[in-house]
Each structure stands twice: as structure tokens, then as C-alpha cells.
Amino acid sequence: MTAAMHLPAFLVKQRFAMTTNRYEILAVGPDGGEGQLMAFAEQKRLAFKEQVTFYTDTSKSRPVFSFKARKAIDLASGYDVFDEAGAPLGFFRKEFGASLLRSTFHLEGPGFAGVGQERSQLTALLRRFTDLPFLSIHFDFVSAEGTPLMTVDRQFKLRDRYEVRVLDPRVDFRLAAAMAVGLDALMQR
């Protein structure tokens, strides 16, 4: 089964503002560089109940998908992902106990469930005990059966830039984009 909106690769670029994080979701162009803008989102910092809405562009005139925390101020809370009509696309949450030494996330959508974890235990430990800003972050998500779902690679730049590869056609682009933005937002807490 293929998801309603499957996109095998895209980029997430983060931009900072005083009270928000801004994210641009870009298709990968034919040359491997930045292609078409697929979505734009802003995340308010220090919100009591996290909600992020993705729009078609920076005018924010048309929402296309979103994610919302199930509970306010609950570290074990999950996040539901919805399409533009409010229909559920999937769910993700940070596994806080498993994330003490290596960040771990649970991801599920129609017909699959899986876990994503930082690829390198050494990098995960260095990130926790040092303040080295140049460390890249790599996540591999695998299904309960052990097949690859998606990968997220943060490249060190002045602003965070994530390369997302969606390896399983069951993973909807909108769910993968919400997970990638969620990784960025939740890793900074």
C-alpha cells in the first residue's frame, strides 16, 4: 500500500526568529539541491500545548497539515498528525526512558509502526555531555518487522538543515515532515 502523499526525499530548513522557529519543507530538485516549497510552518517556543500547522507558503493562507500534542506539558505525550481536513495521518512520540542515552522516537501510520533512533551512540553521548554545536544528527526509523521506514540526517550549517529520505511507500510525506520538525523541536528540550 502506498500512502496518499508519498515523497521519497525532501529537505527541512530551519530559520530562527525571536519567539518562533520557522521551517521550510522543500522537495529535492532534479540536481539534488533545493526544489519546490512543499510546506511552511512556525513553531511557537515555550507553548503550553504544542501545535504546529503547515501551510502551502509563507503567506499562511492555506493550511495543509498539522500536528498537535495530546496533552499539555507532558514529557511522555504523543503528537497526532492531521491532514488539512482534520483527518488523522499518524502519530509520533519521544520515548523518554529510551532517550536518556540515545534519542528514540515512536512513529506510526496506517499499516505500520516503528521506532527511530540516533544512529551513533557516541554522537548521542557527546551531544548530552558537551556543547559541540557542529555535531550532526542521524536517525534511522525501522518498522516493527525491521524494514527501513525513513532516515533523517541533520547537516551542520549555521541553521539546521535536515535531509529526509522516506524509504517505505506507506509513510505519508506529511507524517514524515511532521516527524522531522518534531525531532528538531523535541531534541532542543
# chains A, B, ... in the order shown; residues from 1 in each chain; ligands from 1
>>> residues_around(residues="Ala176 (chain A)", least_positions_apart="3", cutoff="8 Å", atoms="only C-alpha atoms", output="list in words")
Met150, Val164, Val166, Val171, Asp172, Phe173, Met179 and Ala180 of chain A
>>> write_last_selection(atoms="all heavy atoms", output="PDB file, in the first residue's frame")
ATOM      1  N   MET A 150      12.255   5.333   7.217  1.00  0.00           N
ATOM      2  CA  MET A 150      12.779   6.633   6.794  1.00  0.00           C
ATOM      3  C   MET A 150      14.071   6.941   7.529  1.00  0.00           C
ATOM      4  O   MET A 150      14.372   6.311   8.540  1.00  0.00           O
ATOM      5  CB  MET A 150      11.745   7.754   7.018  1.00  0.00           C
ATOM      6  CG  MET A 150      11.356   7.982   8.466  1.00  0.00           C
ATOM      7  SD  MET A 150      10.037   9.211   8.690  1.00  0.00           S
ATOM      8  CE  MET A 150      10.980  10.723   8.826  1.00  0.00           C
ATOM      9  N   VAL A 164      15.675  14.317   4.541  1.00  0.00           N
ATOM     10  CA  VAL A 164      14.775  13.227   4.907  1.00  0.00           C
ATOM     11  C   VAL A 164      14.606  12.307   3.708  1.00  0.00           C
ATOM     12  O   VAL A 164      14.297  12.764   2.606  1.00  0.00           O
ATOM     13  CB  VAL A 164      13.401  13.772   5.362  1.00  0.00           C
ATOM     14  CG1 VAL A 164      12.471  12.632   5.777  1.00  0.00           C
ATOM     15  CG2 VAL A 164      13.573  14.775   6.504  1.00  0.00           C
ATOM     16  N   VAL A 166      12.433   8.983   2.645  1.00  0.00           N
ATOM     17  CA  VAL A 166      11.307   8.131   3.023  1.00  0.00           C
ATOM     18  C   VAL A 166      11.413   6.860   2.194  1.00  0.00           C
ATOM     19  O   VAL A 166      11.162   6.868   0.992  1.00  0.00           O
ATOM     20  CB  VAL A 166       9.967   8.856   2.804  1.00  0.00           C
ATOM     21  CG1 VAL A 166       8.810   7.976   3.270  1.00  0.00           C
ATOM     22  CG2 VAL A 166       9.961  10.194   3.546  1.00  0.00           C
ATOM     23  N   VAL A 171       4.656   5.472   4.212  1.00  0.00           N
ATOM     24  CA  VAL A 171       4.851   6.665   5.044  1.00  0.00           C
ATOM     25  C   VAL A 171       4.467   7.905   4.243  1.00  0.00           C
ATOM     26  O   VAL A 171       5.115   8.247   3.260  1.00  0.00           O
ATOM     27  CB  VAL A 171       6.306   6.765   5.545  1.00  0.00           C
ATOM     28  CG1 VAL A 171       6.477   8.012   6.415  1.00  0.00           C
ATOM     29  CG2 VAL A 171       6.697   5.510   6.319  1.00  0.00           C
ATOM     30  N   ASP A 172       3.412   8.553   4.672  1.00  0.00           N
ATOM     31  CA  ASP A 172       2.915   9.768   4.030  1.00  0.00           C
ATOM     32  C   ASP A 172       3.926  10.900   4.237  1.00  0.00           C
ATOM     33  O   ASP A 172       4.480  11.055   5.331  1.00  0.00           O
ATOM     34  CB  ASP A 172       1.566  10.134   4.651  1.00  0.00           C
ATOM     35  CG  ASP A 172       0.822  11.218   3.907  1.00  0.00           C
ATOM     36  OD1 ASP A 172       1.304  12.373   3.914  1.00  0.00           O
ATOM     37  OD2 ASP A 172      -0.240  10.927   3.347  1.00  0.00           O
ATOM     38  N   PHE A 173       4.151  11.680   3.190  1.00  0.00           N
ATOM     39  CA  PHE A 173       5.056  12.829   3.260  1.00  0.00           C
ATOM     40  C   PHE A 173       4.729  13.737   4.439  1.00  0.00           C
ATOM     41  O   PHE A 173       5.608  14.216   5.143  1.00  0.00           O
ATOM     42  CB  PHE A 173       4.989  13.615   1.943  1.00  0.00           C
ATOM     43  CG  PHE A 173       5.342  15.061   2.080  1.00  0.00           C
ATOM     44  CD1 PHE A 173       6.655  15.460   2.278  1.00  0.00           C
ATOM     45  CD2 PHE A 173       4.350  16.032   2.042  1.00  0.00           C
ATOM     46  CE1 PHE A 173       6.980  16.800   2.420  1.00  0.00           C
ATOM     47  CE2 PHE A 173       4.662  17.373   2.181  1.00  0.00           C
ATOM     48  CZ  PHE A 173       5.989  17.756   2.377  1.00  0.00           C
ATOM     49  N   MET A 179       7.221  14.545  11.601  1.00  0.00           N
ATOM     50  CA  MET A 179       8.199  13.852  12.441  1.00  0.00           C
ATOM     51  C   MET A 179       9.542  14.575  12.408  1.00  0.00           C
ATOM     52  O   MET A 179      10.186  14.761  13.446  1.00  0.00           O
ATOM     53  CB  MET A 179       8.355  12.403  11.973  1.00  0.00           C
ATOM     54  CG  MET A 179       9.336  11.561  12.778  1.00  0.00           C
ATOM     55  SD  MET A 179       8.745  11.110  14.420  1.00  0.00           S
ATOM     56  CE  MET A 179       9.702  12.198  15.446  1.00  0.00           C
ATOM     57  N   ALA A 180       9.977  15.008  11.235  1.00  0.00           N
ATOM     58  CA  ALA A 180      11.267  15.705  11.117  1.00  0.00           C
ATOM     59  C   ALA A 180      11.256  17.025  11.891  1.00  0.00           C
ATOM     60  O   ALA A 180      12.216  17.344  12.600  1.00  0.00           O
ATOM     61  CB  ALA A 180      11.605  15.944   9.648  1.00  0.00           C
TER      62      ALA A 180
END
>>> residues_around(residues="Ile25 (chain A)", least_positions_apart="5", cutoff="12 Å", atoms="only C-alpha atoms", output="PyMOL selection string")
chain A and resi 7+9-15+34-42+54-58+161-164+173-174+176-181
>>> residues_around(residues="region 184-186 of chain A", least_positions_apart="2", cutoff="12 Å", atoms="only C-alpha atoms", output="tab-separated table (two decimals) with all heavy atoms, in the first residue's frame")
chain	number	residue	atom	x	y	z
A	12	VAL	N	14.29	19.79	5.12
A	12	VAL	CA	13.67	20.66	6.12
A	12	VAL	C	14.73	21.69	6.51
A	12	VAL	O	15.79	21.33	6.99
A	12	VAL	CB	13.22	19.88	7.37
A	12	VAL	CG1	12.63	20.83	8.41
A	12	VAL	CG2	12.23	18.79	7.00
A	13	LYS	N	14.41	22.96	6.26
A	13	LYS	CA	15.32	24.04	6.64
A	13	LYS	C	14.70	24.83	7.79
A	13	LYS	O	13.53	25.19	7.73
A	13	LYS	CB	15.54	24.98	5.46
A	13	LYS	CG	16.43	24.40	4.38
A	13	LYS	CD	16.57	25.32	3.20
A	13	LYS	CE	17.17	26.65	3.57
A	13	LYS	NZ	17.38	27.53	2.41
A	14	GLN	N	15.49	25.06	8.81
A	14	GLN	CA	15.01	25.81	9.96
A	14	GLN	C	15.56	27.23	9.91
A	14	GLN	O	16.73	27.44	9.58
A	14	GLN	CB	15.44	25.15	11.26
A	14	GLN	CG	14.94	25.90	12.47
A	14	GLN	CD	15.57	25.42	13.76
A	14	GLN	OE1	16.73	25.06	13.78
A	14	GLN	NE2	14.80	25.43	14.81
A	15	ARG	N	14.71	28.18	10.27
A	15	ARG	CA	15.11	29.58	10.40
A	15	ARG	C	14.63	30.07	11.75
A	15	ARG	O	13.52	29.75	12.18
A	15	ARG	CB	14.51	30.42	9.29
A	15	ARG	CG	14.92	29.94	7.92
A	15	ARG	CD	14.53	30.92	6.84
A	15	ARG	NE	14.78	30.41	5.51
A	15	ARG	CZ	15.96	30.33	4.93
A	15	ARG	NH1	17.02	30.70	5.56
A	15	ARG	NH2	16.08	29.85	3.71
A	20	THR	N	9.75	32.32	17.60
A	20	THR	CA	9.32	31.14	16.86
A	20	THR	C	10.49	30.49	16.12
A	20	THR	O	11.49	31.13	15.86
A	20	THR	CB	8.25	31.49	15.79
A	20	THR	OG1	8.80	32.41	14.87
A	20	THR	CG2	6.99	32.05	16.41
A	21	ASN	N	10.31	29.23	15.82
A	21	ASN	CA	11.17	28.54	14.87
A	21	ASN	C	10.38	28.45	13.58
A	21	ASN	O	9.20	28.10	13.60
A	21	ASN	CB	11.52	27.13	15.34
A	21	ASN	CG	12.43	27.13	16.54
A	21	ASN	OD1	13.29	27.99	16.67
A	21	ASN	ND2	12.25	26.16	17.42
A	22	ARG	N	11.00	28.75	12.47
A	22	ARG	CA	10.34	28.66	11.16
A	22	ARG	C	10.96	27.51	10.38
A	22	ARG	O	12.17	27.35	10.38
A	22	ARG	CB	10.51	29.96	10.40
A	22	ARG	CG	9.75	31.08	11.04
A	22	ARG	CD	9.80	32.34	10.20
A	22	ARG	NE	8.97	33.34	10.83
A	22	ARG	CZ	9.37	34.56	11.11
A	22	ARG	NH1	10.58	34.96	10.79
A	22	ARG	NH2	8.55	35.40	11.69
A	23	TYR	N	10.10	26.76	9.71
A	23	TYR	CA	10.55	25.60	8.95
A	23	TYR	C	10.04	25.69	7.51
A	23	TYR	O	8.87	25.97	7.28
A	23	TYR	CB	10.01	24.30	9.57
A	23	TYR	CG	10.51	24.08	10.97
A	23	TYR	CD1	9.77	24.47	12.07
A	23	TYR	CD2	11.75	23.47	11.19
A	23	TYR	CE1	10.22	24.26	13.36
A	23	TYR	CE2	12.21	23.25	12.48
A	23	TYR	CZ	11.44	23.65	13.56
A	23	TYR	OH	11.91	23.45	14.83
A	42	GLU	N	5.50	27.41	11.40
A	42	GLU	CA	6.11	28.14	12.51
A	42	GLU	C	5.74	27.43	13.81
A	42	GLU	O	4.59	27.02	13.99
A	42	GLU	CB	5.61	29.58	12.55
A	42	GLU	CG	6.12	30.41	11.41
A	42	GLU	CD	5.69	31.86	11.50
A	42	GLU	OE1	4.64	32.15	12.11
A	42	GLU	OE2	6.40	32.70	10.93
A	43	GLN	N	6.72	27.29	14.68
A	43	GLN	CA	6.52	26.65	15.97
A	43	GLN	C	6.81	27.69	17.04
A	43	GLN	O	7.90	28.25	17.10
A	43	GLN	CB	7.45	25.45	16.13
A	43	GLN	CG	7.36	24.80	17.47
A	43	GLN	CD	8.71	24.62	18.14
A	43	GLN	OE1	9.75	24.94	17.60
A	43	GLN	NE2	8.68	24.10	19.33
A	44	LYS	N	5.80	27.97	17.88
A	44	LYS	CA	5.99	28.92	18.97
A	44	LYS	C	6.83	28.26	20.05
A	44	LYS	O	6.55	27.14	20.48
A	44	LYS	CB	4.65	29.37	19.54
A	44	LYS	CG	3.85	30.18	18.57
A	44	LYS	CD	2.52	30.58	19.17
A	44	LYS	CE	1.71	31.33	18.14
A	44	LYS	NZ	0.37	31.63	18.62
A	45	ARG	N	7.84	28.96	20.51
A	45	ARG	CA	8.67	28.43	21.58
A	45	ARG	C	7.93	28.54	22.90
A	45	ARG	O	7.17	29.47	23.13
A	45	ARG	CB	9.98	29.21	21.67
A	45	ARG	CG	10.85	28.97	20.47
A	45	ARG	CD	12.21	29.60	20.64
A	45	ARG	NE	12.85	29.63	19.34
A	45	ARG	CZ	13.57	30.62	18.90
A	45	ARG	NH1	13.78	31.68	19.64
A	45	ARG	NH2	14.11	30.57	17.71
A	46	LEU	N	8.14	27.56	23.76
A	46	LEU	CA	7.58	27.54	25.11
A	46	LEU	C	6.06	27.53	25.13
A	46	LEU	O	5.43	28.05	26.04
A	46	LEU	CB	8.11	28.72	25.94
A	46	LEU	CG	9.64	28.80	26.04
A	46	LEU	CD1	10.04	30.08	26.74
A	46	LEU	CD2	10.21	27.60	26.74
A	47	ALA	N	5.43	26.93	24.14
A	47	ALA	CA	3.98	26.80	24.13
A	47	ALA	C	3.56	25.76	25.16
A	47	ALA	O	4.24	24.75	25.36
A	47	ALA	CB	3.49	26.40	22.75
A	50	GLU	N	1.77	22.02	22.58
A	50	GLU	CA	2.42	22.15	21.28
A	50	GLU	C	1.46	21.88	20.13
A	50	GLU	O	0.76	20.87	20.12
A	50	GLU	CB	3.58	21.16	21.20
A	50	GLU	CG	4.52	21.41	20.07
A	50	GLU	CD	5.34	22.65	20.28
A	50	GLU	OE1	6.01	22.76	21.31
A	50	GLU	OE2	5.30	23.52	19.40
A	51	GLN	N	1.41	22.80	19.19
A	51	GLN	CA	0.65	22.61	17.96
A	51	GLN	C	1.41	23.33	16.85
A	51	GLN	O	1.79	24.49	17.01
A	51	GLN	CB	-0.76	23.17	18.07
A	51	GLN	CG	-1.54	22.98	16.80
A	51	GLN	CD	-3.01	23.31	16.94
A	51	GLN	OE1	-3.52	23.49	18.04
A	51	GLN	NE2	-3.70	23.38	15.83
A	52	VAL	N	1.63	22.63	15.75
A	52	VAL	CA	2.33	23.20	14.61
A	52	VAL	C	1.46	22.97	13.38
A	52	VAL	O	1.04	21.85	13.11
A	52	VAL	CB	3.72	22.57	14.41
A	52	VAL	CG1	4.39	23.11	13.17
A	52	VAL	CG2	4.60	22.80	15.64
A	69	ALA	N	-0.01	18.16	20.21
A	69	ALA	CA	0.25	17.33	21.39
A	69	ALA	C	-1.07	16.83	21.97
A	69	ALA	O	-2.07	17.55	21.99
A	69	ALA	CB	1.01	18.13	22.44
A	75	LEU	N	5.87	15.19	29.29
A	75	LEU	CA	7.04	14.75	28.54
A	75	LEU	C	6.80	13.45	27.77
A	75	LEU	O	7.47	13.19	26.79
A	75	LEU	CB	8.23	14.60	29.48
A	75	LEU	CG	8.71	15.88	30.15
A	75	LEU	CD1	9.87	15.59	31.07
A	75	LEU	CD2	9.10	16.92	29.12
A	76	ALA	N	5.86	12.64	28.22
A	76	ALA	CA	5.58	11.38	27.54
A	76	ALA	C	4.41	11.50	26.56
A	76	ALA	O	3.97	10.51	26.01
A	76	ALA	CB	5.30	10.30	28.56
A	77	SER	N	3.91	12.70	26.36
A	77	SER	CA	2.77	12.90	25.48
A	77	SER	C	3.15	12.60	24.04
A	77	SER	O	4.28	12.75	23.63
A	77	SER	CB	2.28	14.35	25.57
A	77	SER	OG	1.20	14.56	24.69
A	78	GLY	N	2.17	12.20	23.30
A	78	GLY	CA	2.38	11.96	21.88
A	78	GLY	C	1.81	13.09	21.06
A	78	GLY	O	1.14	14.00	21.58
A	79	TYR	N	2.04	13.02	19.76
A	79	TYR	CA	1.61	14.06	18.84
A	79	TYR	C	0.83	13.41	17.71
A	79	TYR	O	1.35	12.53	17.03
A	79	TYR	CB	2.82	14.82	18.29
A	79	TYR	CG	3.60	15.51	19.37
A	79	TYR	CD1	4.56	14.81	20.12
A	79	TYR	CD2	3.36	16.84	19.68
A	79	TYR	CE1	5.26	15.44	21.13
A	79	TYR	CE2	4.06	17.47	20.69
A	79	TYR	CZ	5.00	16.77	21.42
A	79	TYR	OH	5.69	17.38	22.43
A	92	PHE	N	3.26	10.32	16.53
A	92	PHE	CA	4.64	10.11	16.97
A	92	PHE	C	4.80	10.57	18.41
A	92	PHE	O	4.01	11.36	18.91
A	92	PHE	CB	5.66	10.79	16.05
A	92	PHE	CG	5.63	12.30	16.05
A	92	PHE	CD1	6.41	13.03	16.95
A	92	PHE	CD2	4.84	13.00	15.16
A	92	PHE	CE1	6.40	14.42	16.95
A	92	PHE	CE2	4.82	14.38	15.14
A	92	PHE	CZ	5.61	15.09	16.05
A	93	ARG	N	5.82	10.03	19.07
A	93	ARG	CA	6.15	10.46	20.44
A	93	ARG	C	7.62	10.16	20.70
A	93	ARG	O	8.21	9.26	20.10
A	93	ARG	CB	5.27	9.78	21.47
A	93	ARG	CG	5.61	8.34	21.74
A	93	ARG	CD	4.84	7.73	22.91
A	93	ARG	NE	5.08	6.32	22.97
A	93	ARG	CZ	4.37	5.39	22.38
A	93	ARG	NH1	3.30	5.72	21.68
A	93	ARG	NH2	4.69	4.11	22.48
A	94	LYS	N	8.18	10.93	21.61
A	94	LYS	CA	9.53	10.67	22.05
A	94	LYS	C	9.46	9.65	23.17
A	94	LYS	O	8.63	9.76	24.07
A	94	LYS	CB	10.19	11.96	22.57
A	94	LYS	CG	11.65	11.79	22.91
A	94	LYS	CD	12.33	13.10	23.17
A	94	LYS	CE	13.83	12.90	23.34
A	94	LYS	NZ	14.52	14.17	23.54
A	95	GLU	N	10.31	8.65	23.09
A	95	GLU	CA	10.40	7.61	24.13
A	95	GLU	C	11.42	8.11	25.16
A	95	GLU	O	12.62	7.90	24.99
A	95	GLU	CB	10.83	6.28	23.52
A	95	GLU	CG	9.89	5.73	22.47
A	95	GLU	CD	8.59	5.21	23.03
A	95	GLU	OE1	8.45	5.10	24.28
A	95	GLU	OE2	7.69	4.92	22.24
A	96	PHE	N	10.94	8.79	26.20
A	96	PHE	CA	11.85	9.48	27.10
A	96	PHE	C	12.77	8.54	27.87
A	96	PHE	O	13.94	8.83	28.04
A	96	PHE	CB	11.08	10.41	28.05
A	96	PHE	CG	10.74	11.70	27.38
A	96	PHE	CD1	9.55	11.85	26.70
A	96	PHE	CD2	11.63	12.75	27.36
A	96	PHE	CE1	9.24	13.01	26.05
A	96	PHE	CE2	11.34	13.93	26.71
A	96	PHE	CZ	10.13	14.06	26.06
A	99	SER	N	15.40	7.42	25.62
A	99	SER	CA	16.15	8.55	25.07
A	99	SER	C	17.20	9.12	26.02
A	99	SER	O	17.86	10.09	25.68
A	99	SER	CB	15.17	9.68	24.68
A	99	SER	OG	14.36	9.27	23.61
A	103	SER	N	18.56	9.39	21.72
A	103	SER	CA	17.19	9.82	21.44
A	103	SER	C	16.46	8.78	20.60
A	103	SER	O	16.98	8.28	19.60
A	103	SER	CB	17.19	11.16	20.72
A	103	SER	OG	17.65	12.17	21.60
A	104	THR	N	15.22	8.47	21.04
A	104	THR	CA	14.42	7.43	20.42
A	104	THR	C	12.99	7.93	20.26
A	104	THR	O	12.44	8.54	21.18
A	104	THR	CB	14.43	6.15	21.30
A	104	THR	OG1	15.79	5.75	21.51
A	104	THR	CG2	13.66	5.02	20.66
A	105	PHE	N	12.39	7.68	19.10
A	105	PHE	CA	11.03	8.11	18.81
A	105	PHE	C	10.21	6.95	18.29
A	105	PHE	O	10.72	6.08	17.59
A	105	PHE	CB	11.03	9.23	17.75
A	105	PHE	CG	11.57	10.53	18.26
A	105	PHE	CD1	12.93	10.77	18.26
A	105	PHE	CD2	10.71	11.51	18.74
A	105	PHE	CE1	13.44	11.96	18.73
A	105	PHE	CE2	11.21	12.71	19.21
A	105	PHE	CZ	12.57	12.94	19.22
A	137	ILE	N	23.35	14.99	13.39
A	137	ILE	CA	22.44	14.03	14.00
A	137	ILE	C	21.84	13.19	12.88
A	137	ILE	O	21.38	13.73	11.88
A	137	ILE	CB	21.33	14.73	14.78
A	137	ILE	CG1	21.92	15.57	15.91
A	137	ILE	CG2	20.34	13.71	15.35
A	137	ILE	CD1	20.92	16.45	16.62
A	138	HIS	N	21.85	11.88	13.07
A	138	HIS	CA	21.31	10.96	12.07
A	138	HIS	C	20.33	10.02	12.76
A	138	HIS	O	20.67	9.41	13.78
A	138	HIS	CB	22.42	10.15	11.41
A	138	HIS	CG	23.51	11.00	10.84
A	138	HIS	ND1	23.37	11.68	9.66
A	138	HIS	CD2	24.74	11.29	11.30
A	138	HIS	CE1	24.48	12.35	9.41
A	138	HIS	NE2	25.33	12.13	10.40
A	139	PHE	N	19.13	9.90	12.21
A	139	PHE	CA	18.11	8.99	12.75
A	139	PHE	C	17.74	7.97	11.69
A	139	PHE	O	17.58	8.31	10.52
A	139	PHE	CB	16.84	9.77	13.12
A	139	PHE	CG	16.89	10.36	14.49
A	139	PHE	CD1	17.45	11.60	14.70
A	139	PHE	CD2	16.37	9.67	15.58
A	139	PHE	CE1	17.50	12.16	15.95
A	139	PHE	CE2	16.41	10.22	16.84
A	139	PHE	CZ	16.98	11.47	17.03
A	152	VAL	N	16.54	10.47	8.76
A	152	VAL	CA	16.61	11.92	8.91
A	152	VAL	C	18.06	12.25	9.26
A	152	VAL	O	18.58	11.74	10.25
A	152	VAL	CB	15.66	12.43	10.02
A	152	VAL	CG1	15.76	13.94	10.16
A	152	VAL	CG2	14.23	12.00	9.76
A	153	ASP	N	18.69	13.08	8.44
A	153	ASP	CA	20.08	13.46	8.65
A	153	ASP	C	20.17	14.97	8.78
A	153	ASP	O	19.81	15.70	7.85
A	153	ASP	CB	20.95	13.01	7.48
A	153	ASP	CG	21.03	11.50	7.38
A	153	ASP	OD1	21.30	10.86	8.39
A	153	ASP	OD2	20.79	10.96	6.27
A	154	ARG	N	20.65	15.42	9.95
A	154	ARG	CA	20.85	16.86	10.14
A	154	ARG	C	22.28	17.19	9.75
A	154	ARG	O	23.23	16.63	10.27
A	154	ARG	CB	20.62	17.28	11.59
A	154	ARG	CG	20.80	18.80	11.77
A	154	ARG	CD	20.52	19.25	13.17
A	154	ARG	NE	21.71	19.00	13.99
A	154	ARG	CZ	21.81	19.33	15.26
A	154	ARG	NH1	20.79	19.85	15.89
A	154	ARG	NH2	22.91	19.09	15.92
A	159	ARG	N	22.23	27.36	10.19
A	159	ARG	CA	20.86	27.00	10.55
A	159	ARG	C	20.69	25.52	10.27
A	159	ARG	O	21.24	24.98	9.31
A	159	ARG	CB	19.84	27.79	9.72
A	159	ARG	CG	19.95	29.28	9.90
A	159	ARG	CD	19.37	29.68	11.25
A	159	ARG	NE	19.40	31.11	11.39
A	159	ARG	CZ	20.01	31.73	12.38
A	159	ARG	NH1	20.64	31.05	13.30
A	159	ARG	NH2	19.99	33.04	12.47
A	160	ASP	N	19.90	24.85	11.11
A	160	ASP	CA	19.70	23.41	10.92
A	160	ASP	C	19.08	23.12	9.56
A	160	ASP	O	18.18	23.83	9.09
A	160	ASP	CB	18.79	22.86	12.01
A	160	ASP	CG	19.50	22.76	13.35
A	160	ASP	OD1	20.74	22.84	13.38
A	160	ASP	OD2	18.80	22.61	14.36
A	161	ARG	N	19.56	22.06	8.94
A	161	ARG	CA	19.03	21.59	7.67
A	161	ARG	C	19.00	20.07	7.74
A	161	ARG	O	20.00	19.43	8.04
A	161	ARG	CB	19.92	22.04	6.51
A	161	ARG	CG	19.39	21.59	5.18
A	161	ARG	CD	20.25	22.16	4.05
A	161	ARG	NE	19.69	21.73	2.79
A	161	ARG	CZ	20.42	21.24	1.82
A	161	ARG	NH1	21.72	21.11	1.94
A	161	ARG	NH2	19.85	20.86	0.70
A	162	TYR	N	17.83	19.52	7.51
A	162	TYR	CA	17.63	18.08	7.59
A	162	TYR	C	17.35	17.52	6.20
A	162	TYR	O	16.56	18.09	5.45
A	162	TYR	CB	16.44	17.74	8.49
A	162	TYR	CG	16.64	18.16	9.93
A	162	TYR	CD1	16.34	19.45	10.34
A	162	TYR	CD2	17.11	17.25	10.87
A	162	TYR	CE1	16.51	19.83	11.66
A	162	TYR	CE2	17.29	17.63	12.19
A	162	TYR	CZ	16.98	18.93	12.57
A	162	TYR	OH	17.15	19.30	13.88
A	177	ALA	N	7.24	14.71	7.36
A	177	ALA	CA	7.63	16.11	7.58
A	177	ALA	C	7.32	16.53	9.02
A	177	ALA	O	8.14	17.21	9.67
A	177	ALA	CB	6.91	17.02	6.59
A	178	ALA	N	6.16	16.12	9.54
A	178	ALA	CA	5.82	16.44	10.93
A	178	ALA	C	6.82	15.79	11.88
A	178	ALA	O	7.28	16.41	12.85
A	178	ALA	CB	4.40	15.97	11.24
A	179	MET	N	7.22	14.55	11.60
A	179	MET	CA	8.20	13.85	12.44
A	179	MET	C	9.54	14.58	12.41
A	179	MET	O	10.19	14.76	13.45
A	179	MET	CB	8.36	12.40	11.97
A	179	MET	CG	9.34	11.56	12.78
A	179	MET	SD	8.74	11.11	14.42
A	179	MET	CE	9.70	12.20	15.45
A	180	ALA	N	9.98	15.01	11.24
A	180	ALA	CA	11.27	15.70	11.12
A	180	ALA	C	11.26	17.02	11.89
A	180	ALA	O	12.22	17.34	12.60
A	180	ALA	CB	11.60	15.94	9.65
A	181	VAL	N	10.19	17.79	11.79
A	181	VAL	CA	10.08	19.04	12.55
A	181	VAL	C	9.96	18.72	14.04
A	181	VAL	O	10.57	19.39	14.88
A	181	VAL	CB	8.89	19.89	12.05
A	181	VAL	CG1	8.57	21.04	13.00
A	181	VAL	CG2	9.19	20.42	10.64
A	182	GLY	N	9.21	17.68	14.37
A	182	GLY	CA	9.11	17.25	15.77
A	182	GLY	C	10.45	16.86	16.35
A	182	GLY	O	10.76	17.17	17.50
A	188	GLN	N	15.54	19.85	21.26
A	188	GLN	CA	16.04	21.06	21.90
A	188	GLN	C	15.48	21.20	23.32
A	188	GLN	O	15.71	22.22	23.96
A	188	GLN	CB	15.69	22.28	21.05
A	188	GLN	CG	16.40	22.24	19.73
A	188	GLN	CD	16.07	23.44	18.87
A	188	GLN	OE1	15.61	24.46	19.34
A	188	GLN	NE2	16.31	23.31	17.58
A	189	ARG	N	14.72	20.21	23.82
A	189	ARG	CA	14.14	20.29	25.16
A	189	ARG	C	14.89	19.42	26.12
A	189	ARG	O	15.47	18.45	25.81
A	189	ARG	CB	12.69	19.88	25.13
A	189	ARG	CG	11.89	20.87	24.35
A	189	ARG	CD	10.44	20.58	24.46
A	189	ARG	NE	9.76	21.54	23.63
A	189	ARG	CZ	8.53	21.47	23.26
A	189	ARG	NH1	7.81	20.48	23.67
A	189	ARG	NH2	7.99	22.37	22.51
>>> closest_residue(among="A:Ala144, A:Phe112, A:Val64, A:Pro30", to="Pro169 (chain A)", atoms="only C-alpha atoms")
A:Phe112
>>> residues_around(residues="Val142 (chain A)", least_positions_apart="2", cutoff="7 Å", atoms="only C-alpha atoms", output="ChimeraX atom specification")
/A:114-116,140,144,146-149
>>> select_by_dssp(residues="region 12-152 of chain A", states="alpha helix (DSSP H)", output="PyMOL selection string")
chain A and resi 121-129
>>> residues_around(residues="Glu108 (chain A)", least_positions_apart="5", cutoff="6 Å", atoms="only C-alpha atoms", output="mmCIF file with N, CA and C atoms, in the first residue's frame")
data_model
loop_
_atom_site.group_PDB
_atom_site.id
_atom_site.type_symbol
_atom_site.label_atom_id
_atom_site.label_comp_id
_atom_site.auth_asym_id
_atom_site.auth_seq_id
_atom_site.Cartn_x
_atom_site.Cartn_y
_atom_site.Cartn_z
ATOM 1 N N GLY A 90 -1.385 9.978 11.318
ATOM 2 C CA GLY A 90 -0.457 9.167 12.084
ATOM 3 C C GLY A 90 -0.179 9.788 13.429
ATOM 4 N N PHE A 91 0.875 9.294 14.057
ATOM 5 C CA PHE A 91 1.178 9.651 15.434
ATOM 6 C C PHE A 91 2.678 9.485 15.656
ATOM 7 N N ALA A 113 4.068 0.597 12.110
ATOM 8 C CA ALA A 113 4.542 1.224 13.345
ATOM 9 C C ALA A 113 6.038 0.964 13.399
#
>>> atom_distance(atom1="CA of Ala85 (chain A)", atom2="CA of Arg170 (chain A)")
20.0 Å
